[in-house]
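Student: Take this structure, written in structure tokens, and hold onto it; I'll ask about it next.
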Amino acid sequence: MFVTSAFAQTAPEATETHEAPGAAPAGVVHTETGVAHEGAHATGPFPPFDASTYPSQLLWLVITFGLFYLLMQKVLVPRVGGILEQRHDRIAQDLDEASRLKAEADAAVETYEKELAEARSKANVIGETAREAAKSKAATDRAAIETELAQKLATAEARIGEIKSQAFAQVGTIAEETAAAIVDQLIGAKASADDIKAAIAASSPKEA
Amino acid sequence: MANDPTHQFQISKIVPIEIGGMDFSFTNASLFMVATVACAAGFLYFATSQRGLIPGRAQSVAEMSYEFIAGMLREGAGSSGMKFFPMVFTLFMFVLTANLLGMFPYFFTVTSQIIVTFALALFVIGTVLVYGFYKHGFHFLNVFVPSGVPGVLLPLVVAIEIISFLSRPISLSVRLFANMLAGHITLKVFSGFVASLGALGALGIGGAILPLIMTVALTGLEFLVAFLQAYVFAVLTCMYLNDAVHPGGH
């Protein structure tokens, strides 16, 4: 194949140039072998081993690579690194902020729970006292009403007793008058008041 | 040959510059180095211009590549290795962008030149050496003396360690270079088959389907390789830097 033969032909040339790169005599020798090749195969020296191009390649490599290196060191690496660091910081900061907010939220929940519990116990106390107050007021009211009622009952009983005794007191006179009238009608004679009184007293049940 | 697979690696001068007898011309390779840096730096710059707290698509990619390399370096060389972050990130972005730009047809692949990958590898190893000796003095030589090796074997192990250290810039550079080179040559060869078979008439067009499928599949593979080699380069850089930061830590 062409490639292998080309490579084989240039291989000794390569070692030759490798031994003394950049040296003027080697370059001359090299060019001569190159010319010989050209004569035999109508091709130039294998280009990567053509030492006559080395100074120019080296110079331009140093210039371009050096420039690239400087650009990297001064501009590009700080630039990309800065962006990455900034993002890193931002993420760390956001995480801190998030954990801070979470702690705040937790604290808020805790205080809320505490206040809720407090309010609940306070409400219990208020309910308890209100119930107690209502109960005692009801008790006193009832007691007052009961005493009042008892009083009214007592006065009413006293009045009934009074009226009863009055009525009983009048029962004697009414009986006497009625007895005198009945006697007068029956026998047509007037019975003495004293007799009638005695008779009634005898017939009516003894009062205790 | 009309579609010479090595033609894509040919360097042609755009602006000839010669200083002291040396050829420093602005070539197509130089142009694509400039394009690589412009694309990579421009992407990172404009993708992050919103500075969005919630990144957009482009910003996500920029941030992802940043964090990808940062994680890789922290894992490879520890937090004290993070001072090399700009260097590793620059290397990764440069190699990745150069590899990906090379996937465009007619574009030049900067990393398919051994001198470029070798220079990058030397930059890494040079950094390891300079920082290692600057920071640890002669303790840096502990890199070559693994702990827990019996005294008899020590000279042998040290020799092996030194050889392995010396071969690092070569393996690092050749791996990237050879992958890009071989991949691009293979792509070119297969697509060359499509063109030359297609020119043979009806039967040829039928036969050209196979290399066409191959070319499509290889293009996908090459995109994977383009990323993978940039990743491997960055990972190995992290590992080597670990030696400079913690010598004798293995």
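So you can find residues: chains in the structure tokens are A, B, ... in the order shown, residues in each start at 1, and ligands are numbered from 1 in order.
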Taking only C-alpha atoms into account, report as a PyMOL selection string which residues of chain B lie within 8 Å of chain A.

Tutor: chain B and resi 5-7+9-11+22-27+29-30+33-34+37+41+44-45+48+51-53+62-63+66+86-87+90+94+112-116+119+185

Student: With a distance cut-off of 10 Å and only C-alpha atoms, select the neighbouring residues of Phe190 of chain B, excluding the residue or stretch itself and same-chain residues fewer than 5 positions from it, and output the selection as a PyMOL selection string.

Tutor: chain B and resi 5+185+195-196+208+210-216+218

Student: Measure the distance from atom CA of Lys188 of chain B to atom CA of Gln8 of chain B in Å and round it to one decimal.

Tutor: 8.8 Å

Student: Just list the residues in segment 12-247 of chain B DSSP gives strand (DSSP E) on the backbone, as a list in words.

Tutor: Lys13, Ile14, Val15, Glu18, Ile19, Met22, Asp23, Phe26 and Thr27 of chain B

Student: Which is closer to Ser12 of chain B than all the others in B:Leu96, B:Glu75, B:Phe89, B:Phe108, using only C-alpha atoms?

Tutor: B:Phe108

Student: Would you give me, as a Markdown table, each residue of segment 124-180 of chain A having an atom within 12 Å of an atom of segment 196-201 of chain A, along with its shortest atom pair and that distance in Å to one decimal, using only C-alpha atoms and sorting by chain and residue number?

Tutor:
```
| residue | atom | partner | partner_atom | distance |
| --- | --- | --- | --- | --- |
| A:Val171 | CA | A:Ile200 | CA | 10.4 |
| A:Gly172 | CA | A:Ile200 | CA | 7.6 |
| A:Thr173 | CA | A:Lys197 | CA | 8.7 |
| A:Ile174 | CA | A:Ile200 | CA | 10.5 |
| A:Ala175 | CA | A:Ile200 | CA | 7.2 |
| A:Glu176 | CA | A:Ile196 | CA | 6.2 |
| A:Glu177 | CA | A:Ile196 | CA | 8.9 |
| A:Thr178 | CA | A:Ile196 | CA | 9.9 |
| A:Ala179 | CA | A:Ile196 | CA | 6.9 |
| A:Ala180 | CA | A:Ile196 | CA | 6.9 |
```

Student: Can you write just those residues out, all heavy atoms, as a short mmCIF file (atom, residue, chain, number, x, y, z; two decimals), in the first residue's frame?

Tutor:
```cif
data_model
loop_
_atom_site.label_atom_id
_atom_site.label_comp_id
_atom_site.auth_asym_id
_atom_site.auth_seq_id
_atom_site.Cartn_x
_atom_site.Cartn_y
_atom_site.Cartn_z
N VAL A 171 -118.20 33.04 114.35
CA VAL A 171 -119.14 31.89 114.30
C VAL A 171 -120.08 31.87 115.53
O VAL A 171 -121.28 31.66 115.40
CB VAL A 171 -118.33 30.58 114.18
CG1 VAL A 171 -119.21 29.38 114.54
CG2 VAL A 171 -117.81 30.40 112.77
N GLY A 172 -119.61 32.23 116.75
CA GLY A 172 -120.39 32.22 117.99
C GLY A 172 -121.57 33.16 117.93
O GLY A 172 -122.72 32.76 118.18
N THR A 173 -121.26 34.42 117.52
CA THR A 173 -122.34 35.40 117.45
C THR A 173 -123.37 35.03 116.41
O THR A 173 -124.59 35.17 116.64
CB THR A 173 -121.78 36.80 117.11
OG1 THR A 173 -120.62 36.64 116.29
CG2 THR A 173 -121.46 37.59 118.36
N ILE A 174 -122.85 34.55 115.26
CA ILE A 174 -123.78 34.14 114.19
C ILE A 174 -124.66 33.00 114.70
O ILE A 174 -125.88 33.04 114.54
CB ILE A 174 -123.01 33.68 112.93
CG1 ILE A 174 -122.30 34.86 112.28
CG2 ILE A 174 -123.96 33.03 111.91
CD1 ILE A 174 -121.30 34.53 111.23
N ALA A 175 -124.05 32.05 115.40
CA ALA A 175 -124.83 30.92 115.94
C ALA A 175 -125.83 31.39 116.95
O ALA A 175 -126.99 30.96 116.93
CB ALA A 175 -123.85 29.92 116.57
N GLU A 176 -125.42 32.34 117.79
CA GLU A 176 -126.34 32.85 118.81
C GLU A 176 -127.52 33.53 118.15
O GLU A 176 -128.68 33.28 118.50
CB GLU A 176 -125.61 33.87 119.72
CG GLU A 176 -124.79 33.19 120.81
CD GLU A 176 -123.83 34.15 121.48
OE1 GLU A 176 -124.10 35.40 121.43
OE2 GLU A 176 -122.80 33.71 121.99
N GLU A 177 -127.20 34.39 117.13
CA GLU A 177 -128.30 35.11 116.45
C GLU A 177 -129.22 34.12 115.75
O GLU A 177 -130.45 34.23 115.82
CB GLU A 177 -127.71 36.10 115.42
CG GLU A 177 -127.23 37.38 116.05
CD GLU A 177 -126.42 38.24 115.12
OE1 GLU A 177 -126.38 37.97 113.89
OE2 GLU A 177 -125.78 39.20 115.60
N THR A 178 -128.56 33.15 115.03
CA THR A 178 -129.36 32.16 114.33
C THR A 178 -130.22 31.35 115.30
O THR A 178 -131.42 31.14 115.06
CB THR A 178 -128.44 31.19 113.57
OG1 THR A 178 -127.44 31.94 112.89
CG2 THR A 178 -129.20 30.35 112.58
N ALA A 179 -129.63 30.93 116.47
CA ALA A 179 -130.36 30.15 117.48
C ALA A 179 -131.49 30.95 118.04
O ALA A 179 -132.62 30.45 118.18
CB ALA A 179 -129.38 29.72 118.59
N ALA A 180 -131.28 32.27 118.32
CA ALA A 180 -132.33 33.12 118.89
C ALA A 180 -133.47 33.24 117.90
O ALA A 180 -134.64 33.12 118.26
CB ALA A 180 -131.75 34.51 119.23
#
```

Student: Determine the nearest neighbour of Asp4 of chain B from the options B:Val189, B:Ala58, B:Leu181, B:Leu120, counting only C-alpha atoms.

Tutor: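 Checking each of B:Val189, B:Ala58, B:Leu181, B:Leu120 against Asp4 of chain B, counting only C-alpha atoms, the winner is B:Val189.
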
Student: Report, in Å to a single decimal, how far apart atom CA of Leu228 of chain B and atom CA of Thr127 of chain B are.

Tutor: 23.1 Å

Student: Out of B:Ser147, B:Val130, B:Met93, B:Ile160, which residue has the shortest atom-to-atom distance to Ala230 of chain B when counting only C-alpha atoms?

Tutor: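 Selected residue with least distance to Ala230 of chain B: B:Met93.
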
Student: Any idea what's packed within 10 Å of His139 of chain B, counting only C-alpha atoms, ignoring anything in its chain fewer than 3 positions away? Could you give it as a PDB file with all heavy atoms, in the first residue's frame?

Tutor:
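Contents of out_35.pdb, freshly written:
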```pdb
ATOM      1  N   GLY B 132      10.273  21.210  39.466  1.00  0.00           N
ATOM      2  CA  GLY B 132      10.720  20.181  40.408  1.00  0.00           C
ATOM      3  C   GLY B 132      12.009  20.577  41.097  1.00  0.00           C
ATOM      4  O   GLY B 132      12.116  20.508  42.329  1.00  0.00           O
ATOM      5  N   PHE B 133      12.987  21.028  40.343  1.00  0.00           N
ATOM      6  CA  PHE B 133      14.274  21.402  40.953  1.00  0.00           C
ATOM      7  C   PHE B 133      14.150  22.702  41.736  1.00  0.00           C
ATOM      8  O   PHE B 133      14.782  22.872  42.779  1.00  0.00           O
ATOM      9  CB  PHE B 133      15.361  21.523  39.885  1.00  0.00           C
ATOM     10  CG  PHE B 133      15.944  20.196  39.504  1.00  0.00           C
ATOM     11  CD1 PHE B 133      15.806  19.684  38.233  1.00  0.00           C
ATOM     12  CD2 PHE B 133      16.642  19.447  40.457  1.00  0.00           C
ATOM     13  CE1 PHE B 133      16.339  18.443  37.898  1.00  0.00           C
ATOM     14  CE2 PHE B 133      17.182  18.209  40.126  1.00  0.00           C
ATOM     15  CZ  PHE B 133      17.023  17.712  38.847  1.00  0.00           C
ATOM     16  N   LYS B 135      11.517  23.779  43.316  1.00  0.00           N
ATOM     17  CA  LYS B 135      10.711  23.605  44.530  1.00  0.00           C
ATOM     18  C   LYS B 135      11.394  22.645  45.514  1.00  0.00           C
ATOM     19  O   LYS B 135      11.368  22.866  46.720  1.00  0.00           O
ATOM     20  CB  LYS B 135       9.330  23.040  44.138  1.00  0.00           C
ATOM     21  CG  LYS B 135       8.319  23.024  45.259  1.00  0.00           C
ATOM     22  CD  LYS B 135       7.708  24.393  45.472  1.00  0.00           C
ATOM     23  CE  LYS B 135       6.721  24.361  46.619  1.00  0.00           C
ATOM     24  NZ  LYS B 135       6.232  25.711  46.915  1.00  0.00           N
ATOM     25  N   HIS B 136      11.997  21.584  44.997  1.00  0.00           N
ATOM     26  CA  HIS B 136      12.495  20.531  45.883  1.00  0.00           C
ATOM     27  C   HIS B 136      14.001  20.386  45.854  1.00  0.00           C
ATOM     28  O   HIS B 136      14.547  19.550  46.575  1.00  0.00           O
ATOM     29  CB  HIS B 136      11.864  19.187  45.498  1.00  0.00           C
ATOM     30  CG  HIS B 136      10.370  19.210  45.521  1.00  0.00           C
ATOM     31  ND1 HIS B 136       9.643  19.222  46.682  1.00  0.00           N
ATOM     32  CD2 HIS B 136       9.470  19.259  44.512  1.00  0.00           C
ATOM     33  CE1 HIS B 136       8.359  19.254  46.387  1.00  0.00           C
ATOM     34  NE2 HIS B 136       8.223  19.293  45.082  1.00  0.00           N
ATOM     35  N   ASN B 142      14.426  12.189  43.845  1.00  0.00           N
ATOM     36  CA  ASN B 142      13.693  11.061  44.421  1.00  0.00           C
ATOM     37  C   ASN B 142      12.712  10.461  43.417  1.00  0.00           C
ATOM     38  O   ASN B 142      12.263   9.332  43.589  1.00  0.00           O
ATOM     39  CB  ASN B 142      12.901  11.507  45.656  1.00  0.00           C
ATOM     40  CG  ASN B 142      13.806  11.693  46.851  1.00  0.00           C
ATOM     41  OD1 ASN B 142      14.939  11.225  46.832  1.00  0.00           O
ATOM     42  ND2 ASN B 142      13.317  12.377  47.858  1.00  0.00           N
ATOM     43  N   VAL B 143      12.371  11.249  42.403  1.00  0.00           N
ATOM     44  CA  VAL B 143      11.485  10.750  41.356  1.00  0.00           C
ATOM     45  C   VAL B 143      12.033   9.456  40.768  1.00  0.00           C
ATOM     46  O   VAL B 143      11.294   8.547  40.417  1.00  0.00           O
ATOM     47  CB  VAL B 143      11.348  11.837  40.265  1.00  0.00           C
ATOM     48  CG1 VAL B 143      10.886  11.235  38.950  1.00  0.00           C
ATOM     49  CG2 VAL B 143      10.380  12.894  40.720  1.00  0.00           C
ATOM     50  N   HIS B 246       4.984  16.317  43.803  1.00  0.00           N
ATOM     51  CA  HIS B 246       5.275  15.332  44.851  1.00  0.00           C
ATOM     52  C   HIS B 246       6.333  14.353  44.364  1.00  0.00           C
ATOM     53  O   HIS B 246       5.992  13.244  43.948  1.00  0.00           O
ATOM     54  CB  HIS B 246       4.019  14.536  45.213  1.00  0.00           C
ATOM     55  CG  HIS B 246       2.814  15.379  45.475  1.00  0.00           C
ATOM     56  ND1 HIS B 246       1.744  15.455  44.610  1.00  0.00           N
ATOM     57  CD2 HIS B 246       2.516  16.189  46.507  1.00  0.00           C
ATOM     58  CE1 HIS B 246       0.853  16.271  45.102  1.00  0.00           C
ATOM     59  NE2 HIS B 246       1.285  16.740  46.251  1.00  0.00           N
ATOM     60  N   PRO B 247       7.609  14.716  44.376  1.00  0.00           N
ATOM     61  CA  PRO B 247       8.609  13.753  43.932  1.00  0.00           C
ATOM     62  C   PRO B 247       8.734  12.618  44.940  1.00  0.00           C
ATOM     63  O   PRO B 247       8.617  12.830  46.141  1.00  0.00           O
ATOM     64  CB  PRO B 247       9.900  14.577  43.859  1.00  0.00           C
ATOM     65  CG  PRO B 247       9.669  15.731  44.749  1.00  0.00           C
ATOM     66  CD  PRO B 247       8.199  15.974  44.821  1.00  0.00           C
ATOM     67  N   GLY B 248       8.952  11.433  44.431  1.00  0.00           N
ATOM     68  CA  GLY B 248       9.068  10.283  45.331  1.00  0.00           C
ATOM     69  C   GLY B 248       7.738   9.846  45.884  1.00  0.00           C
ATOM     70  O   GLY B 248       7.669   9.086  46.840  1.00  0.00           O
TER      71      GLY B 248
END
```

Student: If you measure from atom CA of Glu128 of chain A to atom CA of Arg142 of chain A, what distance in Å do you get, rounded to one decimal?

Tutor: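 For atom CA of Glu128 of chain A relative to atom CA of Arg142 of chain A, the distance reads 20.8 Å.
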
Student: Of the candidates B:Phe233, B:Gly201, B:Phe177, B:Asn28, which one gets nearest to Ile69 of chain B if we count only C-alpha atoms?

Tutor: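 Closest residue, counting only C-alpha atoms: B:Phe233.
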